[in-house]
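J.: Would you mind keeping the following structure in view while I ask a few things?
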2 protein chains.
Amino acid sequence: MNEDELVAAIAALTGPTSHVLVGIGDDAAVWQPSRSRRSVISSDALIEDVHFSRAWMSPDDIGWRAMASNLSDLAAMAAHPRLGTVSLGVSPEWTSDALLECYGGMARCARAFGLDIAGGDLTRAPVLTIAITVIGEVRASNCKTRSGARPGDVFAVTGALGASRAGLDVARRTVQLDDPLTAIALAAHRTPQPRVAAGRWLGASSHVHAMMDCSDGLSSDLARMARASGVGARIERVPVADAAAAAAGALGVDPTAYALAGGEDFELLVAVDARAFEHLSRRFHARFGHPLERLGVARADERVVMVNQGREEPIAQTGWDHFSQ
Amino acid sequence: MNEDELVAAIAALTGPTSHVLVGIGDDAAVWQPSRSRRSVISSDALIEDVHFSRAWMSPDDIGWRAMASNLSDLAAMAAHPRLGTVSLGVSPEWTSDALLECYGGMARCARAFGLDIAGGDLTRAPVLTIAITVIGEVRASNCKTRSGARPGDVFAVTGALGASRAGLDVARRTVQLDDPLTAIALAAHRTPQPRVAAGRWLGASSHVHAMMDCSDGLSSDLARMARASGVGARIERVPVADAAAAAAGALGVDPTAYALAGGEDFELLVAVDARAFEHLSRRFHARFGHPLERLGVARADERVVMVNQGREEPIAQTGWDHFSQ
């Protein structure tokens, strides 16, 4: 089984639920504490040497990125971060000082986006294991899922892709970049910024039909949104971050493929009503200082293709699937 | 640093929080979604070969126990279980079938106590890692913490202790018991019952001043409640489960010490107004079919002692501290 098949089998086991409006399979689950409000909950575990390595990240950065990854799931539901819990599994290699530095990175990221850390759990583990749960709140009318895209919608992302992957390659010394791209790439990888403000802004628009984050790489995530929505996708262009273009150039690989497969960028992927896209994109630019990047359109048949020199080619799902590695 | 010191250092890092009423250090954190209601959240991670082993537990039992351990934290806050998330880190040794069996045990336990599993996360890990977060709700006036015990209060537990430890010893074949104690001990270890109903019942009484669960062993947990409440404790007797008494006998150790250090029993420890204890205990017996077991009393000085043949002896904190192992 791959990850998506296993998730489907697990969702079948949990059965129908009485309190939950959006369950297993989206970025976060949604429940309804009152008529007009929705609470959003998301959990993510980060495992040493699977998701991060002390060889190329400081404990502080590891903590920041773990928290940012969870906040990105709230951003994708247009939710306001409220509170979270942190369970740490600690291996003997981690001193109390390193552990507190890691926790400091988490606390700093949480504070930067308005989240209170409310509790948690400490235990031993063979490698550092960071399991975070975050809860946010959103007005019922603003909450977006990944399943609302309609044929004809414009697919777009909140920023250029691939910088985090370039930062990982710089940190691993598989590539060298000039300044300031080195610093930009490393920052994108080590202290990524979850798009909390952009998510809430986009959630407030009724023209945004679906939203999710790009944490696994656009090629995987776009296919997931299309499948959840019962549509296909025709991608005309992929916005490549400058650092990613430089890294792809240095490695001699196609910049678009590099950006598509990168992952961990935490940009938001949206499906927007086509008639409203230009206006929304201009307003987005005015608010956030850079455009909402158009990727292509949703189509009625369920194929996900990329236009390459005028020809449609299927997009390989080259993103990160933890179970296919 | 031991676990309690590390938790204190972490709590200092997270700083003051605006939404959270009870934060790091209690069984669960509490926040206030509306004036009269409290939401309670708790996270626990269980790590293969730290908290459980496939050598003496089936995947189904591992799943049940992981969920029960989290529900016990809600029981300790008198909360009604609502929803939870599950993050699984999966090692290559776990087949999809074993994983789904484990998830089935979690889902069965969740359903038995009214909790909806709302989402989660799957990733690779070096050993099976089960990180669960659960959310419950409680009326503001019923929510109990571990810090409310007052000098003169009666300390009591919701049931006899040590059966889970006896089950572990049976499963590991370090001890043999006669039937039906073997079955009782194994069930206590493999499919423990969180005291959700007892917790809600006790929470509804204004005479219950403090409550927590005994997951780390009564000796550790009683010391924690006493410290959090700024009181001491004088323990006169410890109720030992029949299976624990038999196991201690077979091993040639003191049954009381065995029950004190056992842990994982998930009974609730309460501090009750002394004048109300007899009446409350009788009502508890009528409702749950067995007595609320009196341990001793809270005292104004901060010593935690046990009465042994008329002499007061300090209680060794022999419970489970993950960081002192």
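Just so we're on the same page: first chain in the structure tokens is A, next is B, and so on; residues restart at 1 for each chain, and ligands are numbered from 1 in the order they show up.
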Name all residues at most 8 Å from stretch 271-279 of chain B (count only C-alpha atoms; drop same-chain ones fewer than 4 positions away) and give them as an mmCIF file with N, CA and C atoms, in the first residue's frame.
T.:
```cif
data_model
loop_
_atom_site.group_PDB
_atom_site.id
_atom_site.type_symbol
_atom_site.label_atom_id
_atom_site.label_comp_id
_atom_site.auth_asym_id
_atom_site.auth_seq_id
_atom_site.Cartn_x
_atom_site.Cartn_y
_atom_site.Cartn_z
ATOM 1 N N GLY B 148 -5.474 21.139 43.561
ATOM 2 C CA GLY B 148 -6.471 21.658 44.506
ATOM 3 C C GLY B 148 -6.542 20.973 45.853
ATOM 4 N N ALA B 149 -5.658 20.009 46.134
ATOM 5 C CA ALA B 149 -5.734 19.293 47.420
ATOM 6 C C ALA B 149 -5.426 20.239 48.585
ATOM 7 N N ARG B 150 -6.155 20.073 49.711
ATOM 8 C CA ARG B 150 -5.967 20.945 50.886
ATOM 9 C C ARG B 150 -5.603 20.089 52.094
ATOM 10 N N GLY B 152 -5.754 18.067 55.288
ATOM 11 C CA GLY B 152 -6.924 17.432 55.877
ATOM 12 C C GLY B 152 -7.741 16.618 54.886
ATOM 13 N N ASP B 153 -7.612 16.903 53.586
ATOM 14 C CA ASP B 153 -8.342 16.125 52.577
ATOM 15 C C ASP B 153 -7.980 14.642 52.665
ATOM 16 N N VAL B 154 -8.925 13.810 52.259
ATOM 17 C CA VAL B 154 -8.654 12.374 52.136
ATOM 18 C C VAL B 154 -8.154 12.097 50.717
ATOM 19 N N PHE B 155 -7.014 11.399 50.614
ATOM 20 C CA PHE B 155 -6.567 10.900 49.320
ATOM 21 C C PHE B 155 -7.208 9.532 49.085
ATOM 22 N N ALA B 156 -7.689 9.307 47.855
ATOM 23 C CA ALA B 156 -8.321 8.021 47.545
ATOM 24 C C ALA B 156 -8.096 7.697 46.072
ATOM 25 N N HIS B 207 -17.020 18.354 46.476
ATOM 26 C CA HIS B 207 -16.149 17.887 47.553
ATOM 27 C C HIS B 207 -14.834 17.313 47.030
ATOM 28 N N VAL B 208 -14.758 17.033 45.722
ATOM 29 C CA VAL B 208 -13.495 16.551 45.121
ATOM 30 C C VAL B 208 -12.658 17.778 44.774
ATOM 31 N N HIS B 209 -11.529 17.940 45.453
ATOM 32 C CA HIS B 209 -10.718 19.155 45.292
ATOM 33 C C HIS B 209 -9.625 19.015 44.248
ATOM 34 N N ALA B 210 -9.175 17.790 43.985
ATOM 35 C CA ALA B 210 -8.098 17.570 43.012
ATOM 36 C C ALA B 210 -8.260 16.178 42.430
ATOM 37 N N MET B 211 -7.816 16.017 41.186
ATOM 38 C CA MET B 211 -7.919 14.696 40.546
ATOM 39 C C MET B 211 -6.807 14.558 39.506
ATOM 40 N N ARG B 283 -21.738 6.508 47.999
ATOM 41 C CA ARG B 283 -22.430 6.777 46.722
ATOM 42 C C ARG B 283 -21.620 6.215 45.553
ATOM 43 N N ALA B 298 -4.083 14.311 53.361
ATOM 44 C CA ALA B 298 -3.166 15.396 53.003
ATOM 45 C C ALA B 298 -2.790 16.141 54.277
#
```
J.: Would you mind listing what lies within 6 Å of A:Ser164 as a PyMOL selection string, with only C-alpha atoms counted and same-chain residues fewer than 4 positions away left out?
T.: chain A and resi 188-189+265
J.: Keeping C-alpha atoms for every residue in the selection just given, could you write it to a file as an mmCIF file, in the first residue's frame?
T.:
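File produced: selection16.cif:
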```
data_model
loop_
_atom_site.group_PDB
_atom_site.id
_atom_site.type_symbol
_atom_site.label_atom_id
_atom_site.label_comp_id
_atom_site.auth_asym_id
_atom_site.auth_seq_id
_atom_site.Cartn_x
_atom_site.Cartn_y
_atom_site.Cartn_z
ATOM 1 C CA ALA A 188 13.411 28.918 3.258
ATOM 2 C CA HIS A 189 14.507 25.485 4.426
ATOM 3 C CA ASP A 265 7.605 25.207 0.621
#
```
J.: Hey, what's within 9 Å of A:Asp216 if we count only C-alpha atoms and toss same-chain stuff fewer than 2 positions away? As a list in words, please?
T.: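 So, after excluding close chain neighbours, the residues are Asp213, Cys214, Leu218, Ser219, Ser220, Asp221, Ala261, Gly262, Gly263, Glu264, Asp265, Phe266, Gly319, Trp320 and Asp321 of chain A.
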J.: Keeping only C-alpha atoms, write the selected residues as a short mmCIF file (atom, residue, chain, number, x, y, z; two decimals), in the first residue's frame.
T.:
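What ended up in part36.cif:
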```cif
data_model
loop_
_atom_site.label_atom_id
_atom_site.label_comp_id
_atom_site.auth_asym_id
_atom_site.auth_seq_id
_atom_site.Cartn_x
_atom_site.Cartn_y
_atom_site.Cartn_z
CA ASP A 213 -0.74 23.59 1.42
CA CYS A 214 2.06 22.36 -0.84
CA LEU A 218 3.18 20.59 -5.98
CA SER A 219 3.03 17.53 -8.24
CA SER A 220 1.66 15.30 -5.45
CA ASP A 221 -0.47 17.97 -3.84
CA ALA A 261 9.03 17.88 -6.70
CA GLY A 262 10.57 20.07 -4.02
CA GLY A 263 8.05 20.06 -1.19
CA GLU A 264 8.21 21.79 2.20
CA ASP A 265 7.60 25.21 0.62
CA PHE A 266 4.37 25.68 2.60
CA GLY A 319 6.54 14.64 -4.65
CA TRP A 320 7.28 13.21 -1.28
CA ASP A 321 5.35 10.05 -0.39
#
```
J.: Determine the nearest neighbour of B:Ser42 from the options B:Ala233, B:Leu181, B:Ile132, B:Leu88, counting only C-alpha atoms.
T.: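 Closest candidate: B:Ile132.
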J.: Residues of stretch 169-257 of chain A that approach stretch 56-60 of chain A to 12 Å or less, counting only C-alpha atoms: could you list each one with the shortest pair of atoms and its distance in Å to one decimal, rows by chain and increasing residue number, as CSV?
T.:
```
residue,atom,partner,partner_atom,distance
A:Asp169,CA,A:Trp56,CA,9.9
A:Val170,CA,A:Trp56,CA,9.3
A:Ala171,CA,A:Trp56,CA,5.5
A:Arg172,CA,A:Trp56,CA,6.4
A:Arg173,CA,A:Trp56,CA,9.3
A:Thr174,CA,A:Trp56,CA,11.9
A:Leu186,CA,A:Met57,CA,9.6
A:Ala187,CA,A:Met57,CA,10.9
A:His189,CA,A:Met57,CA,9.2
A:Arg190,CA,A:Met57,CA,7.0
A:Thr191,CA,A:Asp60,CA,9.3
```
